[in-house]
file protein.pdb (PDB, C-alpha atoms and all ligand atoms)
ATOM      1  CA  MET A   1     -10.819   7.596 -31.819
ATOM      2  CA  THR A   2     -10.973   4.330 -29.825
ATOM      3  CA  LYS A   3     -11.204   4.873 -26.117
ATOM      4  CA  PRO A   4      -8.680   3.149 -23.820
ATOM      5  CA  ARG A   5      -9.821  -0.163 -22.308
ATOM      6  CA  LEU A   6      -9.896  -0.208 -18.508
ATOM      7  CA  LEU A   7     -10.320  -3.158 -16.181
ATOM      8  CA  VAL A   8     -12.208  -2.045 -13.044
ATOM      9  CA  LEU A   9     -12.031  -4.418 -10.078
ATOM     10  CA  SER A  10     -14.034  -3.748  -6.925
ATOM     11  CA  LEU A  11     -12.973  -5.349  -3.636
ATOM     12  CA  GLY A  12     -15.449  -3.518  -1.349
ATOM     13  CA  GLY A  13     -14.936  -0.670   1.127
ATOM     14  CA  THR A  14     -16.991   2.366   2.132
ATOM     15  CA  ILE A  15     -17.360   3.362  -1.521
ATOM     16  CA  THR A  16     -19.570   0.233  -1.911
ATOM     17  CA  MET A  17     -21.348   0.570   1.451
ATOM     18  CA  VAL A  18     -25.006   1.383   2.140
ATOM     19  CA  PRO A  19     -27.074   1.192   5.358
ATOM     20  CA  THR A  20     -28.100  -2.288   6.481
ATOM     21  CA  ALA A  21     -31.229  -3.429   8.376
ATOM     22  CA  GLU A  22     -28.961  -4.365  11.314
ATOM     23  CA  GLY A  23     -27.559  -0.823  11.581
ATOM     24  CA  GLY A  24     -24.461   0.859  10.198
ATOM     25  CA  ILE A  25     -23.179   0.614   6.657
ATOM     26  CA  ALA A  26     -21.675  -2.495   5.031
ATOM     27  CA  PRO A  27     -20.301  -3.436   1.578
ATOM     28  CA  LYS A  28     -23.103  -4.153  -0.878
ATOM     29  CA  LEU A  29     -22.525  -2.541  -4.284
ATOM     30  CA  GLY A  30     -20.385  -4.150  -6.968
ATOM     31  CA  ALA A  31     -18.166  -2.637  -9.662
ATOM     32  CA  ALA A  32     -20.930  -2.639 -12.304
ATOM     33  CA  GLU A  33     -23.274  -0.586 -10.062
ATOM     34  CA  LEU A  34     -20.495   1.854  -9.150
ATOM     35  CA  VAL A  35     -19.545   2.326 -12.804
ATOM     36  CA  ALA A  36     -23.200   2.754 -13.831
ATOM     37  CA  SER A  37     -23.606   5.500 -11.213
ATOM     38  CA  VAL A  38     -20.943   7.667 -12.950
ATOM     39  CA  PRO A  39     -22.097   8.143 -16.574
ATOM     40  CA  ALA A  40     -19.098  10.380 -17.374
ATOM     41  CA  LEU A  41     -16.897   7.255 -17.222
ATOM     42  CA  GLY A  42     -18.266   6.325 -20.655
ATOM     43  CA  GLU A  43     -16.574   9.424 -22.091
ATOM     44  CA  ILE A  44     -13.205   8.358 -20.684
ATOM     45  CA  ALA A  45     -12.840   4.665 -21.439
ATOM     46  CA  GLN A  46     -14.390   1.346 -22.398
ATOM     47  CA  ILE A  47     -14.801  -0.358 -19.058
ATOM     48  CA  GLU A  48     -15.008  -3.973 -17.995
ATOM     49  CA  ALA A  49     -16.296  -4.108 -14.410
ATOM     50  CA  ARG A  50     -15.625  -7.072 -12.129
ATOM     51  CA  SER A  51     -16.256  -7.590  -8.393
ATOM     52  CA  PRO A  52     -13.892 -10.219  -7.004
ATOM     53  CA  PHE A  53     -14.689  -9.314  -3.346
ATOM     54  CA  ARG A  54     -17.234  -7.295  -1.355
ATOM     55  CA  LEU A  55     -15.276  -6.842   1.859
ATOM     56  CA  PRO A  56     -14.504  -4.121   4.365
ATOM     57  CA  SER A  57     -10.808  -3.552   3.757
ATOM     58  CA  PRO A  58      -9.623  -4.604   7.261
ATOM     59  CA  SER A  59     -10.725  -8.115   6.227
ATOM     60  CA  LEU A  60      -8.798  -8.142   2.937
ATOM     61  CA  GLU A  61      -5.899 -10.621   2.949
ATOM     62  CA  PRO A  62      -2.535 -10.132   1.202
ATOM     63  CA  GLY A  63      -3.207 -13.373  -0.721
ATOM     64  CA  GLN A  64      -6.370 -11.805  -2.172
ATOM     65  CA  LEU A  65      -4.337  -8.828  -3.374
ATOM     66  CA  VAL A  66      -1.854 -11.221  -4.983
ATOM     67  CA  ALA A  67      -4.829 -12.746  -6.845
ATOM     68  CA  VAL A  68      -5.890  -9.230  -7.917
ATOM     69  CA  ALA A  69      -2.345  -8.508  -9.165
ATOM     70  CA  ARG A  70      -2.427 -11.715 -11.214
ATOM     71  CA  GLU A  71      -5.826 -10.782 -12.672
ATOM     72  CA  ILE A  72      -4.459  -7.376 -13.685
ATOM     73  CA  ASN A  73      -1.334  -8.944 -15.225
ATOM     74  CA  ARG A  74      -3.576 -11.292 -17.243
ATOM     75  CA  GLY A  75      -5.782  -8.340 -18.216
ATOM     76  CA  PHE A  76      -2.768  -6.374 -19.463
ATOM     77  CA  ALA A  77      -1.592  -9.396 -21.457
ATOM     78  CA  GLU A  78      -5.088  -9.490 -23.026
ATOM     79  CA  GLY A  79      -4.857  -5.833 -24.054
ATOM     80  CA  PHE A  80      -6.361  -3.658 -21.291
ATOM     81  CA  ASP A  81      -4.644  -0.259 -21.213
ATOM     82  CA  GLY A  82      -5.027   0.360 -17.489
ATOM     83  CA  ALA A  83      -6.699  -0.917 -14.333
ATOM     84  CA  VAL A  84      -8.684   0.659 -11.511
ATOM     85  CA  VAL A  85      -8.961  -1.100  -8.154
ATOM     86  CA  ILE A  86     -11.733   0.016  -5.807
ATOM     87  CA  GLN A  87     -11.371  -0.855  -2.133
ATOM     88  CA  GLY A  88     -11.731   0.330   1.457
ATOM     89  CA  THR A  89      -9.479   3.163   2.453
ATOM     90  CA  ASP A  90      -8.289   1.583   5.719
ATOM     91  CA  THR A  91      -5.738  -0.601   3.923
ATOM     92  CA  ILE A  92      -5.205   1.229   0.617
ATOM     93  CA  GLU A  93      -1.630   2.076   1.559
ATOM     94  CA  GLU A  94      -0.800  -1.630   1.863
ATOM     95  CA  SER A  95      -2.766  -2.853  -1.166
ATOM     96  CA  ALA A  96      -1.319  -0.110  -3.349
ATOM     97  CA  PHE A  97       2.248  -1.095  -2.467
ATOM     98  CA  LEU A  98       1.535  -4.805  -3.011
ATOM     99  CA  LEU A  99       0.135  -4.078  -6.476
ATOM    100  CA  ASP A 100       3.036  -1.740  -7.222
ATOM    101  CA  LEU A 101       5.495  -4.542  -6.452
ATOM    102  CA  LEU A 102       3.561  -7.288  -8.276
ATOM    103  CA  VAL A 103       2.341  -5.602 -11.482
ATOM    104  CA  PRO A 104       5.321  -4.838 -13.737
ATOM    105  CA  GLY A 105       5.260  -2.793 -16.936
ATOM    106  CA  ASP A 106       4.146   0.685 -17.892
ATOM    107  CA  ARG A 107       0.372   0.455 -17.801
ATOM    108  CA  PRO A 108      -1.226   2.390 -14.962
ATOM    109  CA  VAL A 109      -2.873   0.682 -12.014
ATOM    110  CA  VAL A 110      -4.911   3.141  -9.957
ATOM    111  CA  ILE A 111      -6.418   2.336  -6.581
ATOM    112  CA  THR A 112      -9.247   4.386  -5.125
ATOM    113  CA  GLY A 113     -11.985   4.336  -2.493
ATOM    114  CA  ALA A 114     -14.137   6.765  -0.555
ATOM    115  CA  MET A 115     -14.305   8.201   2.924
ATOM    116  CA  ARG A 116     -18.091   8.653   2.787
ATOM    117  CA  GLY A 117     -20.632   5.888   2.183
ATOM    118  CA  ALA A 118     -22.327   5.520  -1.201
ATOM    119  CA  ASP A 119     -25.562   7.211  -0.070
ATOM    120  CA  ALA A 120     -24.040   9.801   2.290
ATOM    121  CA  PRO A 121     -24.538  13.490   1.455
ATOM    122  CA  GLY A 122     -21.502  14.622  -0.514
ATOM    123  CA  ALA A 123     -20.366  11.044  -1.179
ATOM    124  CA  ASP A 124     -16.819  11.219  -2.545
ATOM    125  CA  GLY A 125     -16.904   7.808  -4.264
ATOM    126  CA  PRO A 126     -18.207   8.898  -7.700
ATOM    127  CA  ALA A 127     -15.679  11.745  -8.059
ATOM    128  CA  ASN A 128     -12.845   9.481  -6.873
ATOM    129  CA  LEU A 129     -13.845   6.726  -9.312
ATOM    130  CA  LEU A 130     -13.998   9.185 -12.212
ATOM    131  CA  SER A 131     -10.597  10.658 -11.269
ATOM    132  CA  ALA A 132      -9.094   7.177 -10.924
ATOM    133  CA  ALA A 133     -10.338   6.225 -14.402
ATOM    134  CA  ILE A 134      -9.018   9.478 -15.893
ATOM    135  CA  VAL A 135      -5.568   8.693 -14.470
ATOM    136  CA  ALA A 136      -5.656   4.996 -15.449
ATOM    137  CA  ALA A 137      -6.580   5.957 -19.035
ATOM    138  CA  SER A 138      -3.936   8.673 -19.240
ATOM    139  CA  PRO A 139      -0.652   8.267 -21.168
ATOM    140  CA  GLU A 140       0.859  10.678 -18.590
ATOM    141  CA  ALA A 141       0.425   8.055 -15.870
ATOM    142  CA  ARG A 142       2.335   5.337 -17.737
ATOM    143  CA  GLY A 143       5.520   4.130 -16.100
ATOM    144  CA  LEU A 144       4.606   5.349 -12.615
ATOM    145  CA  GLY A 145       3.528   1.971 -11.222
ATOM    146  CA  THR A 146       0.503   1.771  -8.957
ATOM    147  CA  LEU A 147      -1.054   5.094  -7.982
ATOM    148  CA  ALA A 148      -3.626   5.994  -5.328
ATOM    149  CA  VAL A 149      -6.084   8.641  -6.499
ATOM    150  CA  LEU A 150      -8.467  10.277  -4.010
ATOM    151  CA  ASN A 151      -9.702  13.831  -3.533
ATOM    152  CA  TYR A 152      -8.135  14.766  -6.940
ATOM    153  CA  ASP A 153      -4.631  13.951  -5.602
ATOM    154  CA  ILE A 154      -2.392  11.425  -7.372
ATOM    155  CA  HIS A 155      -0.069   9.562  -4.987
ATOM    156  CA  ALA A 156       2.681   6.994  -5.581
ATOM    157  CA  ALA A 157       1.987   3.645  -3.879
ATOM    158  CA  ARG A 158       5.328   3.656  -2.089
ATOM    159  CA  PHE A 159       4.667   6.925  -0.259
ATOM    160  CA  VAL A 160       0.911   7.188   0.278
ATOM    161  CA  GLN A 161      -0.526   6.942   3.809
ATOM    162  CA  LYS A 162      -4.001   7.228   5.294
ATOM    163  CA  SER A 163      -3.536  10.152   7.648
ATOM    164  CA  HIS A 164      -7.034  10.946   8.951
ATOM    165  CA  THR A 165      -9.955   8.746  10.002
ATOM    166  CA  ALA A 166     -12.712  10.843   8.470
ATOM    167  CA  LEU A 167     -11.768  13.567   5.999
ATOM    168  CA  PRO A 168     -12.011  13.097   2.210
ATOM    169  CA  SER A 169      -8.506  14.634   2.194
ATOM    170  CA  ALA A 170      -7.219  11.745   4.370
ATOM    171  CA  PHE A 171      -4.522  10.597   1.935
ATOM    172  CA  LEU A 172      -1.074  12.161   2.094
ATOM    173  CA  SER A 173       2.411  11.283   0.923
ATOM    174  CA  PRO A 174       4.256  12.907   3.829
ATOM    175  CA  LEU A 175       7.774  12.223   2.510
ATOM    176  CA  VAL A 176       7.421  13.666  -1.003
ATOM    177  CA  GLY A 177       3.892  15.032  -1.493
ATOM    178  CA  PRO A 178       1.536  13.893  -4.252
ATOM    179  CA  LEU A 179       2.924  13.275  -7.756
ATOM    180  CA  GLY A 180       0.190  15.357  -9.302
ATOM    181  CA  ALA A 181      -3.519  16.063  -9.416
ATOM    182  CA  VAL A 182      -6.591  15.574 -11.582
ATOM    183  CA  VAL A 183      -7.489  19.016 -12.901
ATOM    184  CA  GLU A 184     -10.081  19.781 -15.577
ATOM    185  CA  ARG A 185     -10.477  16.040 -16.163
ATOM    186  CA  ARG A 186      -6.779  15.642 -16.932
ATOM    187  CA  ALA A 187      -4.015  13.857 -15.012
ATOM    188  CA  GLN A 188      -1.365  16.487 -14.369
ATOM    189  CA  ILE A 189       1.851  14.791 -13.217
ATOM    190  CA  HIS A 190       4.510  17.049 -11.696
ATOM    191  CA  VAL A 191       6.982  14.481 -10.313
ATOM    192  CA  ARG A 192       8.040  11.108 -11.786
ATOM    193  CA  PRO A 193       9.765   8.866  -9.211
ATOM    194  CA  ALA A 194      11.675   5.743 -10.256
ATOM    195  CA  ARG A 195       9.635   2.549 -10.124
ATOM    196  CA  SER A 196      10.025   0.059  -7.270
ATOM    197  CA  PRO A 197      11.775  -3.166  -8.373
ATOM    198  CA  ALA A 198       9.232  -5.849  -9.363
ATOM    199  CA  HIS A 199       8.480  -9.044  -7.433
ATOM    200  CA  ASP A 200       6.912 -12.135  -8.997
ATOM    201  CA  ALA A 201       3.099 -12.292  -8.684
ATOM    202  CA  GLU A 202       3.246 -16.017  -9.482
ATOM    203  CA  ALA A 203       5.483 -16.862  -6.488
ATOM    204  CA  GLY A 204       2.612 -17.145  -3.998
ATOM    205  CA  GLU A 205       1.263 -15.229  -1.016
ATOM    206  CA  PRO A 206       3.443 -13.038   1.182
ATOM    207  CA  ALA A 207       5.025 -14.862   4.123
ATOM    208  CA  PRO A 208       3.539 -13.884   7.519
ATOM    209  CA  VAL A 209       5.337 -10.912   9.096
ATOM    210  CA  ALA A 210       4.650  -9.358  12.518
ATOM    211  CA  LEU A 211       4.693  -5.583  13.023
ATOM    212  CA  LEU A 212       5.425  -4.011  16.427
ATOM    213  CA  LYS A 213       5.399  -0.313  17.287
ATOM    214  CA  TRP A 214       7.726   0.615  20.150
ATOM    215  CA  GLY A 215       6.366   2.671  23.085
ATOM    216  CA  MET A 216       8.221   4.421  25.912
ATOM    217  CA  GLY A 217       9.107   1.958  28.683
ATOM    218  CA  GLU A 218       8.138  -1.146  26.672
ATOM    219  CA  ASP A 219      10.600  -3.763  27.945
ATOM    220  CA  GLY A 220      10.205  -6.233  25.095
ATOM    221  CA  ARG A 221       8.897  -9.136  27.151
ATOM    222  CA  MET A 222       6.740 -10.276  24.225
ATOM    223  CA  LEU A 223       9.684 -10.320  21.809
ATOM    224  CA  ARG A 224      11.119 -13.745  22.656
ATOM    225  CA  SER A 225       7.759 -15.349  21.803
ATOM    226  CA  VAL A 226       7.594 -13.792  18.346
ATOM    227  CA  ALA A 227      10.058 -16.146  16.647
ATOM    228  CA  GLY A 228       8.114 -19.155  17.946
ATOM    229  CA  LEU A 229       4.739 -18.010  16.632
ATOM    230  CA  GLY A 230       5.291 -19.014  13.012
ATOM    231  CA  TYR A 231       6.158 -15.583  11.664
ATOM    232  CA  ALA A 232       8.754 -15.595   8.907
ATOM    233  CA  GLY A 233       9.920 -12.103   9.869
ATOM    234  CA  LEU A 234       9.363  -9.095  12.103
ATOM    235  CA  VAL A 235       9.168  -5.347  11.502
ATOM    236  CA  ILE A 236       9.868  -3.025  14.432
ATOM    237  CA  GLU A 237       8.701   0.577  14.345
ATOM    238  CA  GLY A 238      11.380   2.052  16.580
ATOM    239  CA  MET A 239      11.419   5.531  18.077
ATOM    240  CA  GLY A 240      12.678   8.471  16.008
ATOM    241  CA  ALA A 241      15.315   7.470  13.464
ATOM    242  CA  GLY A 242      15.099   3.803  14.598
ATOM    243  CA  HIS A 243      15.751   3.414  18.314
ATOM    244  CA  VAL A 244      14.566   1.259  21.243
ATOM    245  CA  PRO A 245      15.331   1.273  24.994
ATOM    246  CA  ALA A 246      18.877   0.002  25.722
ATOM    247  CA  ALA A 247      17.679  -3.182  27.459
ATOM    248  CA  VAL A 248      15.615  -4.210  24.426
ATOM    249  CA  ALA A 249      18.550  -4.174  21.962
ATOM    250  CA  PRO A 250      20.049  -7.569  22.971
ATOM    251  CA  ILE A 251      16.610  -9.218  22.856
ATOM    252  CA  LEU A 252      16.050  -7.860  19.350
ATOM    253  CA  GLY A 253      19.489  -9.174  18.413
ATOM    254  CA  GLU A 254      18.437 -12.648  19.596
ATOM    255  CA  VAL A 255      15.244 -12.480  17.527
ATOM    256  CA  ALA A 256      17.273 -11.340  14.505
ATOM    257  CA  ARG A 257      19.353 -14.510  14.760
ATOM    258  CA  ALA A 258      16.127 -16.557  14.338
ATOM    259  CA  ILE A 259      14.156 -14.528  11.755
ATOM    260  CA  PRO A 260      14.856 -11.364   9.709
ATOM    261  CA  VAL A 261      14.026  -8.207  11.688
ATOM    262  CA  ILE A 262      13.468  -4.925   9.860
ATOM    263  CA  LEU A 263      14.033  -1.599  11.601
ATOM    264  CA  ALA A 264      11.466   1.061  10.596
ATOM    265  CA  SER A 265      10.355   4.203  12.431
ATOM    266  CA  ARG A 266       7.187   5.040  14.308
ATOM    267  CA  ALA A 267       7.629   8.657  13.187
ATOM    268  CA  MET A 268       5.181   9.687  10.462
ATOM    269  CA  THR A 269       7.894   9.759   7.812
ATOM    270  CA  GLY A 270      11.618  10.039   7.104
ATOM    271  CA  PRO A 271      14.366   7.464   6.608
ATOM    272  CA  VAL A 272      15.704   5.242   9.362
ATOM    273  CA  PHE A 273      19.278   6.287  10.194
ATOM    274  CA  THR A 274      22.249   3.969   9.857
ATOM    275  CA  SER A 275      25.314   5.817  11.187
ATOM    276  CA  THR A 276      24.483   8.631  13.626
ATOM    277  CA  TYR A 277      23.508   7.471  17.121
ATOM    278  CA  GLY A 278      26.079   5.427  19.033
ATOM    279  CA  TYR A 279      24.171   4.696  22.266
ATOM    280  CA  PRO A 280      22.850   1.228  23.239
ATOM    281  CA  GLY A 281      19.497   0.742  21.493
ATOM    282  CA  GLY A 282      20.415   3.315  18.825
ATOM    283  CA  GLU A 283      20.373   2.431  15.139
ATOM    284  CA  ILE A 284      24.130   1.651  14.924
ATOM    285  CA  ASP A 285      23.761  -0.866  17.783
ATOM    286  CA  LEU A 286      20.599  -2.443  16.300
ATOM    287  CA  ILE A 287      22.006  -2.754  12.771
ATOM    288  CA  GLY A 288      25.173  -4.255  14.297
ATOM    289  CA  ARG A 289      22.977  -6.875  15.950
ATOM    290  CA  GLY A 290      21.585  -7.911  12.569
ATOM    291  CA  LEU A 291      18.512  -5.702  12.084
ATOM    292  CA  VAL A 292      17.939  -4.523   8.509
ATOM    293  CA  PRO A 293      17.046  -0.828   8.059
ATOM    294  CA  ALA A 294      13.739  -0.148   6.262
ATOM    295  CA  GLY A 295      15.125   2.954   4.519
ATOM    296  CA  HIS A 296      12.299   5.378   3.807
ATOM    297  CA  LEU A 297       9.526   2.755   3.900
ATOM    298  CA  SER A 298       6.883   3.012   6.635
ATOM    299  CA  GLY A 299       6.436   0.041   8.947
ATOM    300  CA  LEU A 300       3.289  -1.032   7.071
ATOM    301  CA  LYS A 301       5.013  -0.921   3.697
ATOM    302  CA  ALA A 302       8.142  -2.617   5.088
ATOM    303  CA  ARG A 303       5.918  -5.458   6.336
ATOM    304  CA  ILE A 304       4.496  -5.933   2.818
ATOM    305  CA  LEU A 305       7.939  -5.944   1.189
ATOM    306  CA  LEU A 306       9.413  -8.347   3.747
ATOM    307  CA  GLY A 307       6.445 -10.724   3.292
ATOM    308  CA  LEU A 308       7.136 -10.869  -0.464
ATOM    309  CA  ALA A 309      10.911 -11.169  -0.016
ATOM    310  CA  LEU A 310      10.604 -14.142   2.349
ATOM    311  CA  ARG A 311       8.223 -16.218   0.177
ATOM    312  CA  GLY A 312      10.999 -18.537  -0.983
ATOM    313  CA  GLY A 313      12.031 -19.318   2.598
ATOM    314  CA  GLY A 314      14.923 -16.820   2.390
ATOM    315  CA  GLY A 315      16.403 -15.212   5.506
ATOM    316  CA  ARG A 316      18.404 -12.069   6.259
ATOM    317  CA  GLU A 317      20.158 -12.077   2.850
ATOM    318  CA  ALA A 318      16.788 -12.031   1.066
ATOM    319  CA  ALA A 319      15.665  -9.169   3.330
ATOM    320  CA  LEU A 320      18.882  -7.199   2.744
ATOM    321  CA  SER A 321      18.554  -7.385  -1.022
ATOM    322  CA  ALA A 322      14.823  -6.527  -0.972
ATOM    323  CA  PHE A 323      15.392  -3.409   1.138
ATOM    324  CA  ALA A 324      18.590  -2.207  -0.602
ATOM    325  CA  PRO A 325      16.703  -0.106  -3.215
ATOM    326  CA  TYR A 326      14.840   1.821  -0.488
ATOM    327  CA  GLN A 327      17.895   3.070   1.485
TER     328      GLN A 327
HETATM  329  N1  LIG A 401     -13.595   0.797   6.983
HETATM  330  C1  LIG A 401     -13.695   1.117   5.579
HETATM  331  C2  LIG A 401     -12.854   0.134   4.798
HETATM  332  O1  LIG A 401     -11.661   0.284   4.760
HETATM  333  C3  LIG A 401     -13.207   2.493   5.383
HETATM  334  C4  LIG A 401     -13.264   3.008   3.984
HETATM  335  O2  LIG A 401     -13.441   2.321   3.023
HETATM  336  O3  LIG A 401     -13.059   4.220   3.869
HETATM  337  O4  LIG A 401     -13.409  -0.776   4.215
END
call {"tool": "encode", "arguments": {"input": "protein.pdb", "output": "structure tokens"}}
result
Amino acid sequence: MTKPRLLVLSLGGTITMVPTAEGGIAPKLGAAELVASVPALGEIAQIEARSPFRLPSPSLEPGQLVAVAREINRGFAEGFDGAVVIQGTDTIEESAFLLDLLVPGDRPVVITGAMRGADAPGADGPANLLSAAIVAASPEARGLGTLAVLNYDIHAARFVQKSHTALPSAFLSPLVGPLGAVVERRAQIHVRPARSPAHDAEAGEPAPVALLKWGMGEDGRMLRSVAGLGYAGLVIEGMGAGHVPAAVAPILGEVARAIPVILASRAMTGPVFTSTYGYPGGEIDLIGRGLVPAGHLSGLKARILLGLALRGGGGREAALSAFAPYQ
């Protein structure tokens, strides 16, 4: 039987990192070396390995992920059955959601990385790469959009979050849990969420969006500057279900008249409210002043979605329609 064809793209990250002469670890290995280090991959799929970037993931740019999405879309048009993206874990939750929004269709895209360097004892990279390939080659994973696979867990891009700085079990989907797991070299999927609506990978890079997390006593003095800094939009991580101090509400309202402002929560997970709290600075007040609720998206994922929604120069209407499916 012919094995599925997988496109494996490496962007860098700890999974590619080895010690340097200057001290510490840095990205060095490419996709071909990573694939060659896991012989069992040959039993799973025919693999084409490419290394578009060798970066630590904090230095990845959204525009580079748009280029990766386009490469995957071209690869699928040429007949690849699935794709694996290897990158640093620090920004997997953002990259995964970008790819989920920009790669339409049923074929699986699986993003993976590692918490331990390539030559560390107990390196998790090889097992994660093998699991990612198993999922990407699996008919079970079709129609689920982009998935993040680490530590045998299979997460949906929309929900996955890095939740620990060190542990191989760092990835969680706090709102819904993982969709499944890789067990006995098989992707076992237990939950099948609806796909996120697609955005056009050919429409350019995401527009720049600022993200601010609200702290107790923060008076918002930096807010009036935000609209003048060239950002197309702003995401606020408010307190609890989407709240800020009373005095900050009118300033946020002013900003929302200049650029779209999305209201997310600084809480680990859960939807932003829309109709419960009636006090000044509560969600009813903020939405009344023009803020758009992020629904169940985290601040980081809301920032990605808003950046894509505002590419055409759209304003609040574009933001409202982009966030409607997530309420
Ligand atoms: N700092 C690394 C990166 O994101 C962490 C990792 O890959 O786990 O590139």
call {"tool": "residues_near_ligand", "arguments": {"input": "protein.pdb", "ligand": "ligand LIG 401 (chain A)", "cutoff": "12 Å", "atoms": "all atoms listed in the file", "output": "number ranges by chain"}}
result
A: 10-18, 24-28, 53-60, 86-95, 111-118, 123-125, 128, 150, 162-171
call {"tool": "resolve_selection", "arguments": {"input": "protein.pdb", "expression": "the PyMOL selection byres (((chain A and resi 309) around 10) and not hetatm)", "output": "number ranges by chain"}}
result
A: 199-200, 206-207, 233, 303-308, 310-323
call {"tool": "closest_residue", "arguments": {"input": "protein.pdb", "among": "A:Gly105, A:Gly79, A:Gly23, A:Pro178", "to": "Arg5 (chain A)", "atoms": "all atoms listed in the file"}}
result
A:Gly79
call {"tool": "resolve_selection", "arguments": {"input": "protein.pdb", "expression": "the PyMOL selection byres (((chain A and resi 217) around 10) and not hetatm)", "output": "ChimeraX atom specification"}}
result
/A:214-216,218-220,244-245,248
call {"tool": "axis_aligned_box", "arguments": {"input": "protein.pdb", "around": "region 30-48 of chain A", "padding_each_side": "8 Å", "output": "JSON"}}
result
{"center_x": -18.2, "center_y": 3.1, "center_z": -14.7, "size_x": 26.8, "size_y": 30.5, "size_z": 31.4}
call {"tool": "closest_residue", "arguments": {"input": "protein.pdb", "among": "A:Ile134, A:Ala227, A:Leu65, A:Ala210", "to": "Ala181 (chain A)", "atoms": "only C-alpha atoms"}}
result
A:Ile134
call {"tool": "closest_residue", "arguments": {"input": "protein.pdb", "among": "A:Ser225, A:Ser138, A:Ser275, A:Asn151", "to": "Ala187 (chain A)", "atoms": "only C-alpha atoms"}}
result
A:Ser138
call {"tool": "atom_distance", "arguments": {"input": "protein.pdb", "atom1": "CA of Leu291 (chain A)", "atom2": "CA of Glu202 (chain A)"}}
result
28.4 Å
call {"tool": "residues_near_point", "arguments": {"input": "protein.pdb", "point": "(10.4, -14.6, 23.0)", "cutoff": "12 Å", "atoms": "only C-alpha atoms", "output": "list in words"}}
result
Asp219, Gly220, Arg221, Met222, Leu223, Arg224, Ser225, Val226, Ala227, Gly228, Leu229, Val248, Pro250, Ile251, Leu252, Gly253, Glu254, Val255, Ala256, Ala258 and Ile259 of chain A
call {"tool": "atom_distance", "arguments": {"input": "protein.pdb", "atom1": "CA of Tyr326 (chain A)", "atom2": "CA of Ala198 (chain A)"}}
result
13.0 Å
call {"tool": "atom_distance", "arguments": {"input": "protein.pdb", "atom1": "CA of Ile284 (chain A)", "atom2": "CA of Val209 (chain A)"}}
result
23.3 Å
call {"tool": "residues_near_point", "arguments": {"input": "protein.pdb", "point": "(-0.2, -11.9, -11.1)", "cutoff": "7 Å", "atoms": "only C-alpha atoms", "output": "PyMOL selection string"}}
result
chain A and resi 66-67+69-73+102-103+201-202
call {"tool": "resolve_selection", "arguments": {"input": "protein.pdb", "expression": "the PyMOL selection byres (((chain A and resi 327) around 8) and not hetatm)", "output": "list in words"}}
result
Pro271, Pro293, Ala294, Gly295, His296, Phe323, Ala324, Pro325 and Tyr326 of chain A
call {"tool": "residues_around", "arguments": {"input": "protein.pdb", "residues": "Val191 (chain A)", "least_positions_apart": "4", "cutoff": "10 Å", "atoms": "all atoms listed in the file", "output": "MDAnalysis selection string"}}
result
chainID A and resid 144 156 176:180
call {"tool": "closest_residue", "arguments": {"input": "protein.pdb", "among": "A:Val160, A:Ala31, A:Ala49, A:Leu9", "to": "Asp100 (chain A)", "atoms": "only C-alpha atoms"}}
result
A:Val160
call {"tool": "closest_residue", "arguments": {"input": "protein.pdb", "among": "A:Ala157, A:Val35, A:Ala148, A:Val8", "to": "Ser51 (chain A)", "atoms": "all atoms listed in the file"}}
result
A:Val8
call {"tool": "closest_residue", "arguments": {"input": "protein.pdb", "among": "A:Ala232, A:Ala194, A:Leu175, A:Val68", "to": "Met268 (chain A)", "atoms": "only C-alpha atoms"}}
result
A:Leu175
call {"tool": "residues_around", "arguments": {"input": "protein.pdb", "residues": "Ala141 (chain A)", "least_positions_apart": "3", "cutoff": "10 Å", "atoms": "all atoms listed in the file", "output": "number ranges by chain"}}
result
A: 82, 106-110, 134-138, 144-147, 154, 179-180, 187-189, 192
call {"tool": "build_atoms", "arguments": {"input": "protein.pdb", "residues": "region 106-113 of chain A", "atoms": "N, CA and C atoms", "output": "short mmCIF file (atom, residue, chain, number, x, y, z; two decimals), in the frame of the given file"}}
result
data_model
loop_
_atom_site.label_atom_id
_atom_site.label_comp_id
_atom_site.auth_asym_id
_atom_site.auth_seq_id
_atom_site.Cartn_x
_atom_site.Cartn_y
_atom_site.Cartn_z
N ASP A 106 4.42 -0.75 -17.86
CA ASP A 106 4.15 0.68 -17.89
C ASP A 106 2.69 1.06 -17.67
N ARG A 107 1.80 0.06 -17.81
CA ARG A 107 0.37 0.46 -17.80
C ARG A 107 -0.07 0.84 -16.39
N PRO A 108 -0.85 1.90 -16.30
CA PRO A 108 -1.23 2.39 -14.96
C PRO A 108 -2.20 1.48 -14.23
N VAL A 109 -1.92 1.30 -12.94
CA VAL A 109 -2.87 0.68 -12.01
C VAL A 109 -3.22 1.78 -11.02
N VAL A 110 -4.50 2.05 -10.84
CA VAL A 110 -4.91 3.14 -9.96
C VAL A 110 -5.87 2.58 -8.91
N ILE A 111 -5.57 2.83 -7.66
CA ILE A 111 -6.42 2.34 -6.58
C ILE A 111 -7.18 3.53 -5.99
N THR A 112 -8.45 3.30 -5.69
CA THR A 112 -9.25 4.39 -5.12
C THR A 112 -10.27 3.83 -4.16
N GLY A 113 -10.95 4.71 -3.46
CA GLY A 113 -11.98 4.34 -2.49
C GLY A 113 -12.76 5.59 -2.13
#
